[in-house]
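This is my_file_11.cif (mmCIF, C-alpha atoms).
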data_upload
loop_
_atom_site.label_atom_id
_atom_site.label_comp_id
_atom_site.auth_asym_id
_atom_site.auth_seq_id
_atom_site.Cartn_x
_atom_site.Cartn_y
_atom_site.Cartn_z
CA MET A 1287 0.00 0.00 0.00
CA GLY A 1288 2.88 2.38 -0.76
CA LYS A 1289 0.92 4.83 -2.93
CA VAL A 1290 -1.88 6.50 -0.97
CA LEU A 1291 -4.49 9.12 -1.83
CA MET A 1292 -6.35 10.73 1.08
CA ILE A 1293 -9.63 12.56 0.44
CA GLY A 1294 -10.36 15.25 3.00
CA ALA A 1295 -8.39 18.01 4.74
CA GLY A 1296 -10.30 18.52 7.99
CA GLY A 1297 -9.45 17.61 11.59
CA VAL A 1298 -9.36 13.83 11.21
CA ALA A 1299 -7.49 14.12 7.92
CA THR A 1300 -4.88 16.35 9.57
CA VAL A 1301 -4.12 13.71 12.19
CA ALA A 1302 -4.00 10.99 9.52
CA ALA A 1303 -1.69 13.02 7.28
CA PHE A 1304 0.87 13.51 10.05
CA LYS A 1305 0.75 9.80 10.86
CA ILE A 1306 1.27 8.93 7.19
CA VAL A 1307 4.36 11.13 6.82
CA GLN A 1308 5.74 9.62 10.04
CA ASN A 1309 5.67 6.22 8.31
CA GLN A 1310 7.16 6.92 4.89
CA ASP A 1311 8.76 3.47 4.79
CA VAL A 1312 5.19 2.17 4.39
CA PHE A 1313 3.50 5.10 2.61
CA THR A 1314 6.02 5.94 -0.08
CA GLU A 1315 3.85 8.29 -2.21
CA PHE A 1316 1.13 10.53 -0.80
CA MET A 1317 -1.53 12.83 -2.25
CA ILE A 1318 -4.15 14.89 -0.40
CA ALA A 1319 -7.30 15.90 -2.30
CA SER A 1320 -10.31 17.92 -1.24
CA ARG A 1321 -13.00 20.21 -2.61
CA ARG A 1322 -10.76 23.18 -1.78
CA LYS A 1323 -7.16 22.62 -2.85
CA GLU A 1324 -5.96 25.52 -0.69
CA LYS A 1325 -6.90 23.51 2.43
CA CYS A 1326 -4.72 20.64 1.19
CA ASP A 1327 -1.83 23.04 0.52
CA ALA A 1328 -2.19 24.53 4.02
CA LEU A 1329 -2.04 21.06 5.53
CA VAL A 1330 1.12 20.23 3.58
CA LYS A 1331 2.71 23.49 4.78
CA ALA A 1332 1.85 22.61 8.39
CA ILE A 1333 3.55 19.23 7.94
CA HIS A 1334 6.68 20.77 6.43
CA ASP A 1335 6.76 23.47 9.13
CA LYS A 1336 7.08 20.69 11.71
CA GLY A 1337 10.25 19.50 10.01
CA TYR A 1338 8.89 16.51 8.09
CA LYS A 1339 10.47 16.00 4.69
CA ALA A 1340 7.87 14.56 2.35
CA ASP A 1341 6.93 15.18 -1.27
CA ILE A 1342 3.16 15.48 -0.86
CA LYS A 1343 0.99 16.17 -3.89
CA THR A 1344 -2.34 17.99 -3.63
CA ALA A 1345 -5.41 18.13 -5.86
CA GLN A 1346 -8.92 19.54 -6.07
CA VAL A 1347 -11.80 17.08 -6.39
CA ASP A 1348 -15.55 17.04 -5.84
CA ALA A 1349 -16.10 13.78 -3.95
CA ASP A 1350 -19.79 13.82 -4.94
CA ASP A 1351 -18.78 13.41 -8.59
CA VAL A 1352 -17.75 9.86 -9.59
CA GLU A 1353 -16.30 11.02 -12.92
CA GLN A 1354 -14.05 13.59 -11.23
CA LEU A 1355 -12.90 10.96 -8.76
CA LYS A 1356 -12.17 8.47 -11.54
CA GLU A 1357 -10.14 11.05 -13.43
CA LEU A 1358 -8.06 11.78 -10.31
CA PHE A 1359 -7.58 8.09 -9.43
CA ASN A 1360 -6.55 7.18 -12.99
CA SER A 1361 -4.06 10.05 -12.98
CA PHE A 1362 -2.39 9.37 -9.60
CA LYS A 1363 -3.03 5.58 -9.59
CA PRO A 1364 -3.19 5.05 -5.82
CA GLU A 1365 -3.06 1.57 -4.33
CA LEU A 1366 -5.19 2.77 -1.39
CA VAL A 1367 -7.79 5.53 -1.14
CA ILE A 1368 -8.36 6.78 2.42
CA ASN A 1369 -11.78 8.41 2.61
CA LEU A 1370 -11.83 11.09 5.31
CA ALA A 1371 -14.44 13.22 3.56
CA LEU A 1372 -18.12 13.43 4.54
CA PRO A 1373 -20.08 10.18 5.07
CA TYR A 1374 -22.52 11.26 2.32
CA GLN A 1375 -19.67 10.68 -0.13
CA ASP A 1376 -18.75 7.10 0.81
CA LEU A 1377 -20.63 5.45 -2.05
CA THR A 1378 -19.36 7.72 -4.83
CA ILE A 1379 -15.78 7.16 -3.64
CA MET A 1380 -16.36 3.39 -3.46
CA ASP A 1381 -17.79 3.44 -6.99
CA ALA A 1382 -14.70 5.24 -8.25
CA CYS A 1383 -12.40 2.79 -6.43
CA LEU A 1384 -14.14 -0.15 -8.12
CA ALA A 1385 -13.88 1.51 -11.54
CA CYS A 1386 -10.17 2.29 -11.13
CA GLY A 1387 -8.96 -0.76 -9.19
CA CYS A 1388 -8.16 0.98 -5.88
CA ASN A 1389 -8.45 -0.43 -2.38
CA TYR A 1390 -10.64 1.59 0.02
CA LEU A 1391 -10.63 2.61 3.70
CA ASP A 1392 -12.93 4.92 5.69
CA THR A 1393 -13.71 5.86 9.29
CA ALA A 1394 -17.50 6.34 9.24
CA ASN A 1395 -20.33 4.58 7.44
CA TYR A 1396 -22.56 6.01 4.76
CA GLU A 1397 -25.62 8.11 5.46
CA PRO A 1398 -27.87 9.90 2.96
CA LYS A 1399 -27.50 13.66 2.87
CA ASP A 1400 -31.24 14.26 3.15
CA GLU A 1401 -31.87 11.85 6.05
CA ALA A 1402 -30.17 11.67 9.47
CA HIS A 1403 -29.87 7.90 9.42
CA PHE A 1404 -26.87 5.64 9.06
CA GLU A 1405 -26.44 1.89 8.71
CA TYR A 1406 -24.00 -0.46 7.04
CA SER A 1407 -26.45 -2.04 4.56
CA TRP A 1408 -25.59 0.46 1.80
CA GLN A 1409 -21.86 -0.27 1.99
CA TRP A 1410 -22.18 -3.97 2.73
CA ALA A 1411 -23.98 -4.24 -0.61
CA TYR A 1412 -20.56 -3.58 -2.21
CA LYS A 1413 -18.91 -6.62 -0.58
CA ASP A 1414 -19.30 -9.00 -3.54
CA LYS A 1415 -18.23 -6.30 -6.01
CA PHE A 1416 -14.96 -5.66 -4.18
CA GLU A 1417 -14.29 -9.39 -3.75
CA LYS A 1418 -14.85 -10.07 -7.46
CA ALA A 1419 -12.53 -7.18 -8.33
CA GLY A 1420 -9.83 -8.56 -5.99
CA LEU A 1421 -9.95 -5.37 -3.92
CA THR A 1422 -10.14 -4.69 -0.19
CA ALA A 1423 -12.57 -2.29 1.48
CA ILE A 1424 -12.09 -1.62 5.20
CA LEU A 1425 -15.02 0.21 6.80
CA GLY A 1426 -15.09 2.15 10.05
CA CYS A 1427 -11.34 2.24 10.71
CA GLY A 1428 -11.25 4.97 13.37
CA PHE A 1429 -11.44 4.61 17.15
CA ASP A 1430 -15.13 3.96 17.56
CA PRO A 1431 -15.85 2.43 15.17
CA GLY A 1432 -12.46 0.83 14.59
CA VAL A 1433 -10.47 0.20 17.75
CA SER A 1434 -13.71 -0.76 19.53
CA GLN A 1435 -14.06 -3.72 17.15
CA ALA A 1436 -10.38 -4.62 17.62
CA PHE A 1437 -10.87 -4.55 21.39
CA THR A 1438 -13.87 -6.88 21.06
CA ALA A 1439 -12.04 -9.23 18.70
CA TYR A 1440 -9.07 -9.39 21.08
CA ALA A 1441 -11.36 -10.22 24.00
CA ALA A 1442 -13.16 -12.89 21.96
CA LYS A 1443 -9.87 -14.51 20.97
CA HIS A 1444 -8.07 -14.42 24.32
CA HIS A 1445 -10.65 -14.17 27.11
CA PHE A 1446 -13.96 -15.73 26.03
CA ASP A 1447 -15.42 -18.82 24.44
CA GLU A 1448 -18.67 -16.90 24.01
CA ILE A 1449 -19.41 -13.19 24.34
CA HIS A 1450 -22.94 -12.58 25.67
CA TYR A 1451 -23.10 -8.91 26.67
CA LEU A 1452 -21.19 -5.99 25.13
CA ASP A 1453 -21.24 -2.33 26.15
CA ILE A 1454 -19.03 0.09 24.23
CA VAL A 1455 -18.43 3.16 26.40
CA ASP A 1456 -17.10 6.52 25.21
CA CYS A 1457 -16.34 9.21 27.79
CA ASN A 1458 -15.00 12.64 26.94
CA ALA A 1459 -14.12 14.25 30.26
CA GLY A 1460 -12.10 17.01 28.60
CA ASN A 1461 -12.80 20.72 28.46
CA HIS A 1462 -12.29 22.91 25.39
CA HIS A 1463 -13.40 26.03 27.30
CA LYS A 1464 -16.05 26.94 24.74
CA ALA A 1465 -19.74 27.51 25.46
CA PHE A 1466 -20.67 25.00 22.76
CA ALA A 1467 -18.47 23.11 20.33
CA THR A 1468 -18.19 19.65 18.84
CA ASN A 1469 -15.03 17.53 18.79
CA PHE A 1470 -15.47 16.64 15.12
CA ASN A 1471 -17.47 17.98 12.15
CA PRO A 1472 -20.45 19.77 13.80
CA GLU A 1473 -22.83 18.82 11.00
CA ILE A 1474 -22.08 15.10 11.32
CA ASN A 1475 -21.87 15.20 15.12
CA ILE A 1476 -25.27 16.84 15.61
CA ARG A 1477 -26.95 14.60 13.01
CA GLU A 1478 -25.60 11.55 14.85
CA ILE A 1479 -26.67 12.65 18.31
CA THR A 1480 -30.17 13.85 17.43
CA GLN A 1481 -31.26 10.69 15.65
CA LYS A 1482 -33.01 7.83 17.45
CA GLY A 1483 -31.07 5.44 19.65
CA LEU A 1484 -30.72 1.77 18.74
CA TYR A 1485 -29.44 -1.30 20.56
CA TYR A 1486 -29.48 -5.07 20.05
CA GLU A 1487 -31.06 -7.57 22.43
CA ASP A 1488 -32.16 -11.20 22.02
CA GLY A 1489 -31.91 -11.16 18.24
CA LYS A 1490 -33.84 -7.91 17.75
CA TRP A 1491 -32.98 -4.25 17.22
CA ILE A 1492 -34.74 -1.98 19.70
CA GLU A 1493 -35.24 1.70 18.85
CA THR A 1494 -35.42 4.47 21.45
CA GLU A 1495 -36.07 8.18 21.35
CA PRO A 1496 -32.88 10.29 21.04
CA LEU A 1497 -30.87 10.28 24.30
CA ALA A 1498 -33.88 8.89 26.19
CA ILE A 1499 -31.94 6.21 28.09
CA HIS A 1500 -29.03 7.25 30.29
CA GLN A 1501 -27.27 6.18 33.45
CA ASP A 1502 -24.12 6.90 35.43
CA LEU A 1503 -21.16 4.77 34.37
CA THR A 1504 -17.79 4.85 36.11
CA TYR A 1505 -14.73 5.38 33.93
CA PRO A 1506 -11.14 4.58 34.99
CA ASN A 1507 -9.22 7.57 36.35
CA ILE A 1508 -12.27 9.78 35.65
CA GLY A 1509 -15.12 8.52 37.84
CA PRO A 1510 -18.88 8.44 37.26
CA ARG A 1511 -20.32 10.27 34.24
CA ASP A 1512 -23.86 10.48 32.92
CA SER A 1513 -23.80 8.25 29.81
CA TYR A 1514 -26.42 8.14 27.05
CA LEU A 1515 -27.46 5.18 24.91
CA MET A 1516 -26.99 5.86 21.20
CA HIS A 1517 -26.89 4.01 17.93
CA HIS A 1518 -23.36 3.41 16.66
CA GLU A 1519 -22.50 1.51 13.51
CA GLU A 1520 -20.01 -0.98 14.94
CA LEU A 1521 -22.84 -2.68 16.83
CA GLU A 1522 -24.22 -3.90 13.49
CA SER A 1523 -20.89 -5.44 12.52
CA LEU A 1524 -20.15 -6.98 15.91
CA VAL A 1525 -23.46 -8.80 16.40
CA LYS A 1526 -23.13 -10.13 12.84
CA ASN A 1527 -19.62 -11.48 13.40
CA TYR A 1528 -20.14 -12.64 17.01
CA PRO A 1529 -23.56 -14.32 16.90
CA THR A 1530 -23.38 -15.42 20.56
CA ILE A 1531 -23.93 -11.80 21.63
CA LYS A 1532 -27.26 -11.47 23.43
CA ARG A 1533 -27.13 -7.71 23.96
CA ALA A 1534 -24.96 -4.95 22.51
CA ARG A 1535 -25.17 -1.26 23.40
CA PHE A 1536 -23.20 1.93 22.85
CA TRP A 1537 -22.92 4.71 25.46
CA MET A 1538 -21.51 8.22 25.19
CA THR A 1539 -21.14 10.95 27.82
CA PHE A 1540 -22.51 14.48 27.45
CA GLY A 1541 -22.32 17.39 29.87
CA GLN A 1542 -25.49 19.20 30.85
CA GLN A 1543 -24.33 22.45 29.23
CA TYR A 1544 -23.84 20.65 25.89
CA LEU A 1545 -27.31 19.10 26.12
CA THR A 1546 -28.93 22.43 27.01
CA TYR A 1547 -27.40 24.12 23.96
CA LEU A 1548 -28.33 21.15 21.78
CA ASP A 1549 -31.94 21.37 22.94
CA CYS A 1550 -31.96 25.09 22.13
CA ILE A 1551 -30.49 24.42 18.66
CA GLN A 1552 -33.23 21.91 17.93
CA ASN A 1553 -36.02 24.13 19.23
CA LEU A 1554 -34.80 27.00 17.05
CA GLY A 1555 -34.81 24.77 13.97
CA MET A 1556 -31.06 25.09 13.49
CA SER A 1557 -30.56 21.29 13.42
CA ARG A 1558 -32.76 20.97 10.32
CA ILE A 1559 -31.13 19.26 7.32
CA ASP A 1560 -33.67 20.34 4.68
CA GLU A 1561 -33.16 23.38 2.45
CA ILE A 1562 -34.87 26.69 3.16
CA GLU A 1563 -35.00 29.85 1.05
CA TYR A 1564 -33.37 32.99 2.39
CA GLU A 1565 -33.10 36.51 0.97
CA ALA A 1566 -29.41 37.40 1.24
CA PRO A 1567 -27.48 40.54 0.24
CA LEU A 1568 -24.92 40.02 -2.52
CA ALA A 1569 -21.28 40.05 -1.44
CA ASP A 1570 -20.29 42.53 -4.19
CA GLY A 1571 -21.40 45.55 -2.16
CA SER A 1572 -24.03 46.54 -4.73
CA GLY A 1573 -26.82 46.58 -2.17
CA LYS A 1574 -28.77 44.06 -4.23
CA SER A 1575 -30.05 40.81 -2.79
CA ALA A 1576 -30.92 37.38 -4.10
CA LYS A 1577 -32.83 34.36 -2.89
CA VAL A 1578 -30.52 31.55 -1.84
CA LYS A 1579 -31.10 28.08 -0.47
CA ILE A 1580 -29.37 27.15 2.77
CA VAL A 1581 -29.44 24.15 5.09
CA PRO A 1582 -29.74 25.44 8.69
CA LEU A 1583 -27.39 22.82 10.13
CA GLN A 1584 -24.74 23.61 7.52
CA PHE A 1585 -25.07 27.32 8.32
CA LEU A 1586 -24.69 26.50 12.02
CA LYS A 1587 -21.52 24.56 11.24
CA ALA A 1588 -20.08 27.70 9.61
CA VAL A 1589 -20.49 29.78 12.77
CA LEU A 1590 -19.51 27.19 15.40
CA PRO A 1591 -15.87 26.80 16.53
CA ASN A 1592 -13.74 24.76 14.13
CA PRO A 1593 -12.93 21.40 15.82
CA GLN A 1594 -9.36 21.70 14.51
CA ASP A 1595 -8.86 24.79 16.67
CA LEU A 1596 -10.04 23.26 19.97
CA GLY A 1597 -6.79 21.48 20.84
CA GLU A 1598 -4.85 24.61 21.80
CA ASN A 1599 -6.84 25.22 25.00
CA TYR A 1600 -8.06 21.68 25.55
CA ASP A 1601 -7.40 19.83 28.79
CA GLY A 1602 -8.77 16.76 30.48
CA GLU A 1603 -9.03 13.06 29.79
CA THR A 1604 -10.94 10.67 27.55
CA SER A 1605 -11.73 7.01 28.04
CA ILE A 1606 -13.06 4.64 25.36
CA GLY A 1607 -13.47 0.93 25.85
CA CYS A 1608 -15.52 -2.26 25.76
CA ARG A 1609 -17.17 -3.86 28.80
CA ILE A 1610 -17.77 -7.50 28.02
CA ARG A 1611 -19.47 -10.39 29.83
CA GLY A 1612 -19.51 -13.97 28.65
CA ILE A 1613 -18.30 -17.54 29.17
CA LYS A 1614 -14.78 -18.96 29.39
CA ASP A 1615 -14.18 -22.64 30.16
CA GLY A 1616 -17.77 -22.97 31.31
CA LYS A 1617 -17.56 -20.11 33.80
CA GLU A 1618 -19.01 -16.61 33.55
CA GLN A 1619 -16.47 -13.82 33.49
CA THR A 1620 -16.21 -10.11 32.71
CA TYR A 1621 -13.49 -8.20 30.90
CA TYR A 1622 -12.97 -4.47 30.39
CA VAL A 1623 -10.52 -3.32 27.75
CA TYR A 1624 -10.08 0.43 27.33
CA ASN A 1625 -7.82 3.28 26.31
CA ASN A 1626 -7.44 6.48 28.32
CA PHE A 1627 -5.82 9.58 26.90
CA LYS A 1628 -4.93 12.59 28.99
CA ASP A 1629 -4.40 15.75 27.02
CA MET A 1630 -0.97 17.21 27.67
CA ALA A 1631 -1.97 20.85 27.40
CA SER A 1632 1.24 22.36 28.71
CA SER A 1633 4.83 21.81 27.61
CA LEU A 1634 5.69 20.63 31.11
CA ASP A 1635 3.25 17.74 30.75
CA VAL A 1636 4.91 16.81 27.45
CA ILE A 1637 8.39 16.96 29.02
CA GLU A 1638 7.34 14.72 31.88
CA PHE A 1639 5.83 12.25 29.43
CA ILE A 1640 9.05 12.14 27.38
CA CYS A 1641 11.09 11.63 30.55
CA LYS A 1642 8.81 8.78 31.58
CA GLN A 1643 9.26 7.09 28.19
CA ILE A 1644 13.09 7.13 28.48
CA ALA A 1645 13.32 6.66 32.26
CA THR A 1646 15.18 3.34 32.05
CA ALA A 1647 18.08 4.95 30.19
CA GLY A 1648 19.57 6.33 33.41
CA GLU A 1649 19.08 9.35 35.65
CA VAL A 1650 16.73 11.60 33.67
CA LYS A 1651 16.28 15.29 34.49
CA TYR A 1652 15.19 18.39 32.60
CA ARG A 1653 15.62 22.16 32.69
CA LYS A 1654 14.00 25.03 30.84
CA MET A 1655 16.18 26.95 28.39
CA PHE A 1656 15.05 30.01 26.40
CA GLY A 1657 11.46 28.78 26.20
CA ASP A 1658 12.49 25.22 25.23
CA TYR A 1659 13.55 22.32 27.40
CA MET A 1660 16.75 20.29 27.62
CA ILE A 1661 16.52 16.74 28.93
CA TYR A 1662 19.63 15.30 30.60
CA VAL A 1663 20.52 11.63 30.90
CA ASN A 1664 23.18 10.94 33.52
CA ASP A 1665 23.98 14.67 33.57
CA LYS A 1666 24.56 14.89 29.82
CA PRO A 1667 22.30 17.04 27.57
CA VAL A 1668 20.74 14.48 25.24
CA VAL A 1669 17.26 15.60 24.14
CA ILE A 1670 16.13 19.11 23.26
CA VAL A 1671 12.41 19.75 23.07
CA GLY A 1672 11.08 22.56 20.88
CA ASP A 1673 7.35 23.13 20.30
CA ASP A 1674 6.75 19.89 22.22
CA ILE A 1675 8.80 17.85 19.70
CA PRO A 1676 11.83 15.91 21.03
CA TYR A 1677 15.05 16.19 18.99
CA VAL A 1678 18.45 14.50 19.28
CA LYS A 1679 21.73 15.26 17.52
CA THR A 1680 22.48 13.55 14.21
CA HIS A 1681 25.43 11.67 15.71
CA GLU A 1682 27.12 8.77 13.92
CA ALA A 1683 26.73 6.61 17.02
CA ILE A 1684 22.96 6.46 16.47
CA GLY A 1685 22.94 6.63 12.68
CA GLU A 1686 21.80 3.03 12.27
CA LEU A 1687 19.20 3.25 15.04
CA MET A 1688 17.74 6.44 13.51
CA SER A 1689 18.03 5.49 9.84
CA ALA A 1690 14.25 5.72 9.39
CA ALA A 1691 13.75 8.79 11.62
CA GLU A 1692 12.32 12.10 10.50
CA GLU A 1693 14.50 15.19 10.79
CA GLY A 1694 13.83 18.78 11.78
CA TYR A 1695 15.14 21.94 13.43
CA PRO A 1696 14.43 22.39 17.17
CA TYR A 1697 14.80 26.17 16.96
CA GLU A 1698 15.67 28.89 14.45
CA GLY A 1699 19.31 28.70 13.44
CA ALA A 1700 19.80 25.19 14.80
CA LYS A 1701 21.51 22.39 12.89
CA LEU A 1702 19.43 19.55 11.52
CA HIS A 1703 18.42 17.05 14.24
CA TYR A 1704 16.71 13.69 14.36
CA ILE A 1705 13.13 13.68 15.68
CA LEU A 1706 12.94 11.14 18.51
CA ASP A 1707 9.81 8.96 18.38
CA VAL A 1708 9.02 8.46 22.07
CA SER A 1709 5.90 6.45 21.18
CA LYS A 1710 8.44 3.62 20.67
CA PRO A 1711 10.08 3.62 24.12
CA ASP A 1712 12.40 0.65 23.48
CA LEU A 1713 14.01 2.44 20.53
CA ALA A 1714 14.01 5.81 22.31
CA VAL A 1715 15.84 4.31 25.30
CA LYS A 1716 18.49 2.74 23.04
CA VAL A 1717 19.04 6.07 21.28
CA VAL A 1718 19.39 8.24 24.38
CA SER A 1719 21.50 5.60 26.17
CA LYS A 1720 23.97 5.56 23.28
CA LEU A 1721 24.08 9.36 23.18
CA ALA A 1722 24.62 9.50 26.94
CA GLU A 1723 27.70 7.33 26.39
CA VAL A 1724 29.29 9.35 23.58
CA LEU A 1725 28.27 12.96 24.16
CA PRO A 1726 30.43 15.20 26.39
CA TYR A 1727 29.38 16.69 29.69
CA PRO A 1728 28.44 20.37 29.65
CA LYS A 1729 31.51 22.58 29.90
CA SER A 1730 30.32 24.04 33.16
CA ARG A 1731 29.94 20.63 34.75
CA LYS A 1732 32.47 17.98 35.64
CA LYS A 1733 31.79 14.28 35.60
CA LYS A 1734 30.57 13.04 38.97
CA LYS A 1735 32.87 10.60 40.69
#

In structure tokens, how does this file's structure come out?
Amino acid sequence: MGKVLMIGAGGVATVAAFKIVQNQDVFTEFMIASRRKEKCDALVKAIHDKGYKADIKTAQVDADDVEQLKELFNSFKPELVINLALPYQDLTIMDACLACGCNYLDTANYEPKDEAHFEYSWQWAYKDKFEKAGLTAILGCGFDPGVSQAFTAYAAKHHFDEIHYLDIVDCNAGNHHKAFATNFNPEINIREITQKGLYYEDGKWIETEPLAIHQDLTYPNIGPRDSYLMHHEELESLVKNYPTIKRARFWMTFGQQYLTYLDCIQNLGMSRIDEIEYEAPLADGSGKSAKVKIVPLQFLKAVLPNPQDLGENYDGETSIGCRIRGIKDGKEQTYYVYNNFKDMASSLDVIEFICKQIATAGEVKYRKMFGDYMIYVNDKPVVIVGDDIPYVKTHEAIGELMSAAEEGYPYEGAKLHYILDVSKPDLAVKVVSKLAEVLPYPKSRKKKK
């Protein structure tokens, strides 16, 4: 899958793009395409500004238009198309992939633009077509859906003979310090939350009114949070692939302030997804007006905070996992597999995390220097952290260890450094241990005896 084309340039696409350029040994050629090419170009600039060297192509495409998509695919010839556009566009992108012989991956299932309703049946209808074409289509490859299915599959393989009860729980205990904002595309988020709930029990799907069922659930390191039953697409896939499941539900937390604003939005008609006519002044300053058609929810999206901008002031913790009950060796047992992420809002939190990842390399300390941080291992300056990115010198002693590493500049006027990937602690420890052996002590310090 060396040649990849990603459609979309929003918040999720930004995260994916950075991850792709961090793994250029796998993703050897990369293109970003979206309805507005300037958004793609801005994303590429942000990647290069962080010190990543990658030849990233960009293109303009209307993902609602199969012919435009086919023209782009035939030109770039990707092995894999990553669809991070809107869920309304899943089917057109899948059609183009079939026509051009491209494999397909997305993070959210299809829903019609004129109806707030999503289910896998539309995309599952493509299964035979992709199989006959010798192509792969991976659906719902995000966190939930995505990791939630992987968690369940892991539990089924290693901890259960039969899974009977499954609760997927999603808690956002963070704070973006906005009166009202959504953590991903507001249009998609509000459509998802305001539609009817759905869960599976005893072979039947049971529908509920939106957010009608809720209860306190306790999340690790967070505590109890009011959690609401919702429909989520991975339930459809999981009960299909694990037929011993008797009940499957999905829960998500919401704060009271969020729910109050959401109720107001609905009562004002701003969550509507149908078109309305509106008399609007022309933007040319002529004083003339014209009738235009707008979708209230899409207009609301335009005035709400951009999810991509929430991270700067975000703090708190999230917890997403699967609570499972079933049978193993004839005995009932429970298993809870989850992931917690604590936002590291300040540089100090980042520094402490880096130090934790390399703690086994020796005595690790840090000090602040001119707005950046220097991390010392056994009293030697080994890692410099600029803009929360850890860098180490391009020393021959670690050349082989860092042969696949990205490079960048920790500060203006600095020499080129390796970027240390502390998400791989075993490698990071080897690198800093080697540097601690070969680098000199600071001139103002003498080696301790």

Distance atom CA of Thr1344 of chain A-atom CA of Met1317 of chain A, one decimal place?
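Value for the atom CA of Thr1344 of chain A-atom CA of Met1317 of chain A distance: 5.4 Å.
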
Point-to-point distance from atom CA of Ile1551 of chain A to atom CA of Ile1476 of chain A, Å rounded to tenths:
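About the pair atom CA of Ile1551 of chain A and atom CA of Ile1476 of chain A: they are 9.7 Å apart.
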
Could you list the residues chosen by the PyMOL selection byres ((chain A and resi 1434) around 8) in this structure as a compact mmCIF listing (two decimals) with C-alpha atoms, in the coordinates of the input?
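After the write, out-v2.txt holds the following:
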# COMPACT_ATOMS: atom_id res chain seq x y z
CA PHE A 1429 -11.44 4.61 17.15
CA ASP A 1430 -15.13 3.96 17.56
CA PRO A 1431 -15.85 2.43 15.17
CA GLY A 1432 -12.46 0.83 14.59
CA VAL A 1433 -10.47 0.20 17.75
CA GLN A 1435 -14.06 -3.72 17.15
CA ALA A 1436 -10.38 -4.62 17.62
CA PHE A 1437 -10.87 -4.55 21.39
CA THR A 1438 -13.87 -6.88 21.06
CA ILE A 1454 -19.03 0.09 24.23
CA GLU A 1520 -20.01 -0.98 14.94
CA ILE A 1606 -13.06 4.64 25.36
CA GLY A 1607 -13.47 0.93 25.85
CA CYS A 1608 -15.52 -2.26 25.76

Excluding segment 1691-1695 of chain A and residues on its chain fewer than 4 positions from it, collect all residues at most 12 Å away from it, counting all atoms listed in the file, and give them as a VMD selection string.
chain A and resid 1304 to 1311 1333 to 1340 1670 to 1673 1675 to 1680 1684 to 1687 1699 to 1708 1710 1713 to 1714 1717

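The interatomic distance for the pair atom CA of Gln1543 of chain A and atom CA of Asp1512 of chain A works out to 12.5 Å.
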
Would you compute an axis-aligned box for segment 1648-1666 of chain A, covering every atom listed for it in the file with 4 Å of margin on each side, and report centre and edge lengths in Å to one decimal as AutoDock Vina command-line options?
--center_x 18.0 --center_y 18.2 --center_z 30.4 --size_x 21.1 --size_y 31.7 --size_z 18.4

Contacts of Leu1372 of chain A at 9 Å (all atoms listed in the file; same-chain gap of 2+ positions) as a list in words
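Non-adjacent residues within range: Gly1294, Ala1349, Asn1369, Leu1370, Tyr1374, Gln1375, Asp1376, Ala1394, Tyr1396, Asn1471 and Ile1474 of chain A.
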
Using all atoms listed in the file, determine which residues lie at most 12 Å from Phe1316 of chain A, disregarding the query and same-chain residues fewer than 2 positions distant; provide the list as a PyMOL selection string.
chain A and resi 1287-1293+1302-1314+1318-1319+1326+1330+1340-1345+1362-1368

Any chance you can output those residues with C-alpha atoms as a compact mmCIF listing (two decimals), in the coordinates of the input?
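Saved as selection-v3.txt:
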# COMPACT_ATOMS: atom_id res chain seq x y z
CA MET A 1287 0.00 0.00 0.00
CA GLY A 1288 2.88 2.38 -0.76
CA LYS A 1289 0.92 4.83 -2.93
CA VAL A 1290 -1.88 6.50 -0.97
CA LEU A 1291 -4.49 9.12 -1.83
CA MET A 1292 -6.35 10.73 1.08
CA ILE A 1293 -9.63 12.56 0.44
CA ALA A 1302 -4.00 10.99 9.52
CA ALA A 1303 -1.69 13.02 7.28
CA PHE A 1304 0.87 13.51 10.05
CA LYS A 1305 0.75 9.80 10.86
CA ILE A 1306 1.27 8.93 7.19
CA VAL A 1307 4.36 11.13 6.82
CA GLN A 1308 5.74 9.62 10.04
CA ASN A 1309 5.67 6.22 8.31
CA GLN A 1310 7.16 6.92 4.89
CA ASP A 1311 8.76 3.47 4.79
CA VAL A 1312 5.19 2.17 4.39
CA PHE A 1313 3.50 5.10 2.61
CA THR A 1314 6.02 5.94 -0.08
CA ILE A 1318 -4.15 14.89 -0.40
CA ALA A 1319 -7.30 15.90 -2.30
CA CYS A 1326 -4.72 20.64 1.19
CA VAL A 1330 1.12 20.23 3.58
CA ALA A 1340 7.87 14.56 2.35
CA ASP A 1341 6.93 15.18 -1.27
CA ILE A 1342 3.16 15.48 -0.86
CA LYS A 1343 0.99 16.17 -3.89
CA THR A 1344 -2.34 17.99 -3.63
CA ALA A 1345 -5.41 18.13 -5.86
CA PHE A 1362 -2.39 9.37 -9.60
CA LYS A 1363 -3.03 5.58 -9.59
CA PRO A 1364 -3.19 5.05 -5.82
CA GLU A 1365 -3.06 1.57 -4.33
CA LEU A 1366 -5.19 2.77 -1.39
CA VAL A 1367 -7.79 5.53 -1.14
CA ILE A 1368 -8.36 6.78 2.42

Kindly resolve the PyMOL selection byres ((chain A and resi 1609) around 8) on the present coordinates and return the residues as a list in words.
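This file, filtered by the PyMOL selection byres ((chain A and resi 1609) around 8), leaves Leu1452, Asp1453, Ile1454, Val1455, Gly1607, Cys1608, Ile1610, Arg1611, Thr1620, Tyr1621, Tyr1622 and Val1623 of chain A.
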
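Nearest to Val1724 of chain A of all the residues A:Asp1381, A:Glu1353, A:Glu1682, A:Asp1658 is A:Glu1682, counting only C-alpha atoms.
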